[in-house]
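Raw data17.cif, mmCIF, N, CA and C atoms:
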data_model
#
loop_
_atom_site.group_PDB
_atom_site.id
_atom_site.type_symbol
_atom_site.label_atom_id
_atom_site.label_comp_id
_atom_site.auth_asym_id
_atom_site.auth_seq_id
_atom_site.Cartn_x
_atom_site.Cartn_y
_atom_site.Cartn_z
ATOM 1 N N MET L 1 35.190 8.179 36.024
ATOM 2 C CA MET L 1 34.944 9.243 35.076
ATOM 3 C C MET L 1 34.645 8.668 33.690
ATOM 4 N N ARG L 2 35.434 7.702 33.254
ATOM 5 C CA ARG L 2 35.219 7.093 31.934
ATOM 6 C C ARG L 2 33.877 6.389 31.872
ATOM 7 N N ALA L 3 33.485 5.786 32.969
ATOM 8 C CA ALA L 3 32.207 5.074 33.008
ATOM 9 C C ALA L 3 31.043 6.041 32.773
ATOM 10 N N PHE L 4 31.089 7.210 33.387
ATOM 11 C CA PHE L 4 30.018 8.188 33.213
ATOM 12 C C PHE L 4 29.977 8.724 31.782
ATOM 13 N N VAL L 5 31.153 8.924 31.210
ATOM 14 C CA VAL L 5 31.209 9.386 29.818
ATOM 15 C C VAL L 5 30.611 8.330 28.898
ATOM 16 N N ARG L 6 30.951 7.077 29.143
ATOM 17 C CA ARG L 6 30.435 5.972 28.333
ATOM 18 C C ARG L 6 28.913 5.848 28.498
ATOM 19 N N MET L 7 28.425 6.006 29.722
ATOM 20 C CA MET L 7 26.979 5.938 29.961
ATOM 21 C C MET L 7 26.263 7.060 29.210
ATOM 22 N N ARG L 8 26.826 8.251 29.203
ATOM 23 C CA ARG L 8 26.221 9.373 28.496
ATOM 24 C C ARG L 8 26.196 9.101 26.990
ATOM 25 N N GLU L 9 27.267 8.541 26.463
ATOM 26 C CA GLU L 9 27.315 8.200 25.040
ATOM 27 C C GLU L 9 26.259 7.165 24.693
ATOM 28 N N LEU L 10 26.104 6.168 25.540
ATOM 29 C CA LEU L 10 25.102 5.136 25.291
ATOM 30 C C LEU L 10 23.693 5.718 25.313
ATOM 31 N N LEU L 11 23.431 6.618 26.237
ATOM 32 C CA LEU L 11 22.105 7.226 26.307
ATOM 33 C C LEU L 11 21.798 8.048 25.067
ATOM 34 N N THR L 12 22.757 8.818 24.589
ATOM 35 C CA THR L 12 22.514 9.626 23.392
ATOM 36 C C THR L 12 22.380 8.738 22.164
ATOM 37 N N SER L 13 23.165 7.682 22.084
ATOM 38 C CA SER L 13 23.054 6.792 20.923
ATOM 39 C C SER L 13 21.721 6.056 20.941
ATOM 40 N N ASN L 14 21.216 5.725 22.120
ATOM 41 C CA ASN L 14 19.912 5.073 22.207
ATOM 42 C C ASN L 14 18.794 6.007 21.770
ATOM 43 N N LYS L 15 18.897 7.282 22.100
ATOM 44 C CA LYS L 15 17.896 8.249 21.671
ATOM 45 C C LYS L 15 17.901 8.381 20.156
ATOM 46 N N GLU L 16 19.091 8.460 19.583
ATOM 47 C CA GLU L 16 19.197 8.567 18.132
ATOM 48 C C GLU L 16 18.647 7.315 17.461
ATOM 49 N N LEU L 17 18.956 6.171 18.025
ATOM 50 C CA LEU L 17 18.455 4.912 17.478
ATOM 51 C C LEU L 17 16.934 4.863 17.570
ATOM 52 N N ALA L 18 16.391 5.298 18.671
ATOM 53 C CA ALA L 18 14.935 5.319 18.843
ATOM 54 C C ALA L 18 14.289 6.245 17.815
ATOM 55 N N GLN L 19 14.906 7.391 17.553
ATOM 56 C CA GLN L 19 14.368 8.318 16.556
ATOM 57 C C GLN L 19 14.403 7.710 15.158
ATOM 58 N N GLN L 20 15.490 7.033 14.827
ATOM 59 C CA GLN L 20 15.601 6.402 13.517
ATOM 60 C C GLN L 20 14.573 5.293 13.362
ATOM 61 N N ILE L 21 14.369 4.510 14.401
ATOM 62 C CA ILE L 21 13.367 3.440 14.336
ATOM 63 C C ILE L 21 11.976 4.029 14.158
ATOM 64 N N GLU L 22 11.691 5.117 14.839
ATOM 65 C CA GLU L 22 10.394 5.771 14.713
ATOM 66 C C GLU L 22 10.167 6.280 13.286
ATOM 67 N N LYS L 23 11.209 6.847 12.682
ATOM 68 C CA LYS L 23 11.104 7.313 11.296
ATOM 69 C C LYS L 23 10.811 6.150 10.358
ATOM 70 N N LEU L 24 11.496 5.028 10.584
ATOM 71 C CA LEU L 24 11.270 3.855 9.743
ATOM 72 C C LEU L 24 9.853 3.317 9.916
ATOM 73 N N GLU L 25 9.349 3.314 11.131
ATOM 74 C CA GLU L 25 7.983 2.847 11.366
ATOM 75 C C GLU L 25 6.977 3.712 10.623
ATOM 76 N N ARG L 26 7.185 5.024 10.614
ATOM 77 C CA ARG L 26 6.281 5.916 9.882
ATOM 78 C C ARG L 26 6.333 5.638 8.388
ATOM 79 N N LYS L 27 7.532 5.415 7.864
ATOM 80 C CA LYS L 27 7.673 5.120 6.436
ATOM 81 C C LYS L 27 6.968 3.822 6.087
ATOM 82 N N VAL L 28 7.178 2.813 6.904
ATOM 83 C CA VAL L 28 6.578 1.504 6.630
ATOM 84 C C VAL L 28 5.060 1.594 6.648
ATOM 85 N N SER L 29 4.503 2.342 7.582
ATOM 86 C CA SER L 29 3.047 2.433 7.663
ATOM 87 C C SER L 29 2.468 3.108 6.420
ATOM 88 N N THR L 30 3.133 4.118 5.878
ATOM 89 C CA THR L 30 2.627 4.750 4.664
ATOM 90 C C THR L 30 2.807 3.832 3.457
ATOM 91 N N HIS L 31 3.886 3.075 3.441
ATOM 92 C CA HIS L 31 4.102 2.141 2.339
ATOM 93 C C HIS L 31 3.101 0.996 2.402
ATOM 94 N N ASP L 32 2.737 0.569 3.596
ATOM 95 C CA ASP L 32 1.761 -0.513 3.728
ATOM 96 C C ASP L 32 0.441 -0.129 3.085
ATOM 97 N N ALA L 33 0.008 1.087 3.311
ATOM 98 C CA ALA L 33 -1.254 1.538 2.730
ATOM 99 C C ALA L 33 -1.165 1.550 1.205
ATOM 100 N N ALA L 34 -0.056 1.982 0.669
ATOM 101 C CA ALA L 34 0.115 2.015 -0.786
ATOM 102 C C ALA L 34 0.147 0.601 -1.354
ATOM 103 N N ILE L 35 0.811 -0.308 -0.673
ATOM 104 C CA ILE L 35 0.901 -1.691 -1.144
ATOM 105 C C ILE L 35 -0.471 -2.348 -1.139
ATOM 106 N N VAL L 36 -1.264 -2.095 -0.109
ATOM 107 C CA VAL L 36 -2.616 -2.659 -0.048
ATOM 108 C C VAL L 36 -3.444 -2.166 -1.232
ATOM 109 N N GLY L 37 -3.335 -0.892 -1.552
ATOM 110 C CA GLY L 37 -4.065 -0.348 -2.692
ATOM 111 C C GLY L 37 -3.638 -0.976 -4.007
ATOM 112 N N ILE L 38 -2.356 -1.176 -4.174
ATOM 113 C CA ILE L 38 -1.840 -1.807 -5.395
ATOM 114 C C ILE L 38 -2.339 -3.243 -5.509
ATOM 115 N N LEU L 39 -2.307 -3.977 -4.411
ATOM 116 C CA LEU L 39 -2.771 -5.366 -4.431
ATOM 117 C C LEU L 39 -4.261 -5.465 -4.749
ATOM 118 N N LYS L 40 -5.071 -4.541 -4.235
ATOM 119 C CA LYS L 40 -6.502 -4.538 -4.544
ATOM 120 C C LYS L 40 -6.720 -4.316 -6.034
ATOM 121 N N THR L 41 -5.968 -3.386 -6.603
ATOM 122 C CA THR L 41 -6.099 -3.098 -8.029
ATOM 123 C C THR L 41 -5.692 -4.309 -8.866
ATOM 124 N N ILE L 42 -4.619 -4.977 -8.478
ATOM 125 C CA ILE L 42 -4.163 -6.161 -9.206
ATOM 126 C C ILE L 42 -5.208 -7.261 -9.144
ATOM 127 N N ARG L 43 -5.818 -7.443 -7.971
ATOM 128 C CA ARG L 43 -6.865 -8.469 -7.839
ATOM 129 C C ARG L 43 -8.050 -8.159 -8.735
ATOM 130 N N GLN L 44 -8.422 -6.881 -8.842
ATOM 131 C CA GLN L 44 -9.525 -6.498 -9.716
ATOM 132 C C GLN L 44 -9.182 -6.779 -11.176
ATOM 133 N N LEU L 45 -7.938 -6.528 -11.560
ATOM 134 C CA LEU L 45 -7.539 -6.778 -12.940
ATOM 135 C C LEU L 45 -7.453 -8.269 -13.237
ATOM 136 N N MET L 46 -7.145 -9.072 -12.229
ATOM 137 C CA MET L 46 -7.061 -10.523 -12.421
ATOM 138 C C MET L 46 -8.445 -11.138 -12.609
ATOM 139 N N ASN L 47 -9.475 -10.516 -12.059
ATOM 140 C CA ASN L 47 -10.841 -11.034 -12.160
ATOM 141 C C ASN L 47 -11.727 -10.037 -12.897
ATOM 142 N N PRO L 48 -11.568 -9.935 -14.219
ATOM 143 C CA PRO L 48 -12.393 -8.976 -14.960
ATOM 144 C C PRO L 48 -13.845 -9.452 -14.976
ATOM 145 N N PRO L 49 -14.790 -8.537 -15.136
ATOM 146 C CA PRO L 49 -16.201 -8.948 -15.187
ATOM 147 C C PRO L 49 -16.465 -9.791 -16.429
ATOM 148 N N GLU L 50 -17.432 -10.698 -16.288
ATOM 149 C CA GLU L 50 -17.751 -11.566 -17.429
ATOM 150 C C GLU L 50 -18.428 -10.733 -18.516
ATOM 151 N N PRO L 51 -18.032 -10.953 -19.760
ATOM 152 C CA PRO L 51 -18.663 -10.196 -20.847
ATOM 153 C C PRO L 51 -20.123 -10.626 -20.997
ATOM 154 N N SER L 52 -20.953 -9.691 -21.445
ATOM 155 C CA SER L 52 -22.366 -10.026 -21.638
ATOM 156 C C SER L 52 -22.490 -10.986 -22.816
ATOM 157 N N LYS L 53 -23.370 -11.949 -22.658
ATOM 158 C CA LYS L 53 -23.535 -12.976 -23.696
ATOM 159 C C LYS L 53 -24.528 -12.482 -24.745
ATOM 160 N N ARG L 54 -24.155 -12.663 -25.987
ATOM 161 C CA ARG L 54 -25.039 -12.300 -27.087
ATOM 162 C C ARG L 54 -25.863 -13.517 -27.463
ATOM 163 N N SER L 55 -27.098 -13.271 -27.827
ATOM 164 C CA SER L 55 -27.942 -14.392 -28.237
ATOM 165 C C SER L 55 -27.555 -14.830 -29.643
ATOM 166 N N ILE L 56 -27.742 -16.098 -29.890
ATOM 167 C CA ILE L 56 -27.402 -16.670 -31.193
ATOM 168 C C ILE L 56 -28.610 -16.521 -32.110
ATOM 169 N N GLY L 57 -28.349 -16.148 -33.343
ATOM 170 C CA GLY L 57 -29.421 -16.053 -34.326
ATOM 171 C C GLY L 57 -29.664 -14.621 -34.746
ATOM 172 N N PHE L 58 -30.732 -14.483 -35.536
ATOM 173 C CA PHE L 58 -31.077 -13.186 -36.101
ATOM 174 C C PHE L 58 -31.894 -12.392 -35.094
ATOM 175 N N VAL L 59 -31.550 -11.113 -34.930
ATOM 176 C CA VAL L 59 -32.294 -10.227 -34.043
ATOM 177 C C VAL L 59 -32.879 -9.120 -34.897
ATOM 178 N N GLU L 60 -34.207 -8.964 -34.845
ATOM 179 C CA GLU L 60 -34.884 -7.958 -35.649
ATOM 180 C C GLU L 60 -34.802 -6.615 -34.944
ATOM 181 N N LEU L 61 -34.377 -5.599 -35.667
ATOM 182 C CA LEU L 61 -34.303 -4.255 -35.125
ATOM 183 C C LEU L 61 -35.692 -3.620 -35.149
ATOM 184 N N GLN L 62 -36.043 -2.921 -34.097
ATOM 185 C CA GLN L 62 -37.339 -2.261 -34.044
ATOM 186 C C GLN L 62 -37.211 -0.903 -34.713
ATOM 187 N N GLU L 63 -38.213 -0.569 -35.509
ATOM 188 C CA GLU L 63 -38.207 0.721 -36.204
ATOM 189 C C GLU L 63 -38.751 1.798 -35.277
ATOM 190 N N LYS L 64 -38.182 3.004 -35.432
ATOM 191 C CA LYS L 64 -38.657 4.134 -34.635
ATOM 192 C C LYS L 64 -39.913 4.703 -35.277
ATOM 193 N N LYS L 65 -40.880 5.011 -34.446
ATOM 194 C CA LYS L 65 -42.131 5.636 -34.950
ATOM 195 C C LYS L 65 -41.928 7.140 -34.900
ATOM 196 N N SER L 66 -42.211 7.824 -36.010
ATOM 197 C CA SER L 66 -42.045 9.267 -36.020
ATOM 198 C C SER L 66 -43.331 9.973 -36.253
#
Produce structure tokens that represent the structure in this file.
Amino acid sequence: MRAFVRMRELLTSNKELAQQIEKLERKVSTHDAAIVGILKTIRQLMNPPEPSKRSIGFVELQEKKS
């Protein structure tokens, strides 16, 4: 009798454990997507575009014809 009670307890605890693991897997998968997005943004900030180079010397402005 005790053996059957113990087996039933183990089965219910395994179901609960399986449910908890499944919840954690769902959380991790959503966090993974967020972490990937954050890392992409950080990489973009680490490699800013090169500023445009200005020419050295005097540049004559063109007048508008009216």
- atom C of Asn14 (chain L) and atom N of Ala33 (chain L), how far apart in Å? 26.8 Å
- Report the distance between CA of Ala18 (chain L) and atom C of Arg6 (chain L) in Å, rounded to one decimal place. 17.0 Å
- Select from chain L everything DSSP, run on the backbone, classes as alpha helix (DSSP H), then give the selection as an NGL selection string. :L and (2-46)
- Rounded to one decimal place, report the atom C of Arg43 (chain L)-atom N of Lys27 (chain L) distance in Å. 26.5 Å
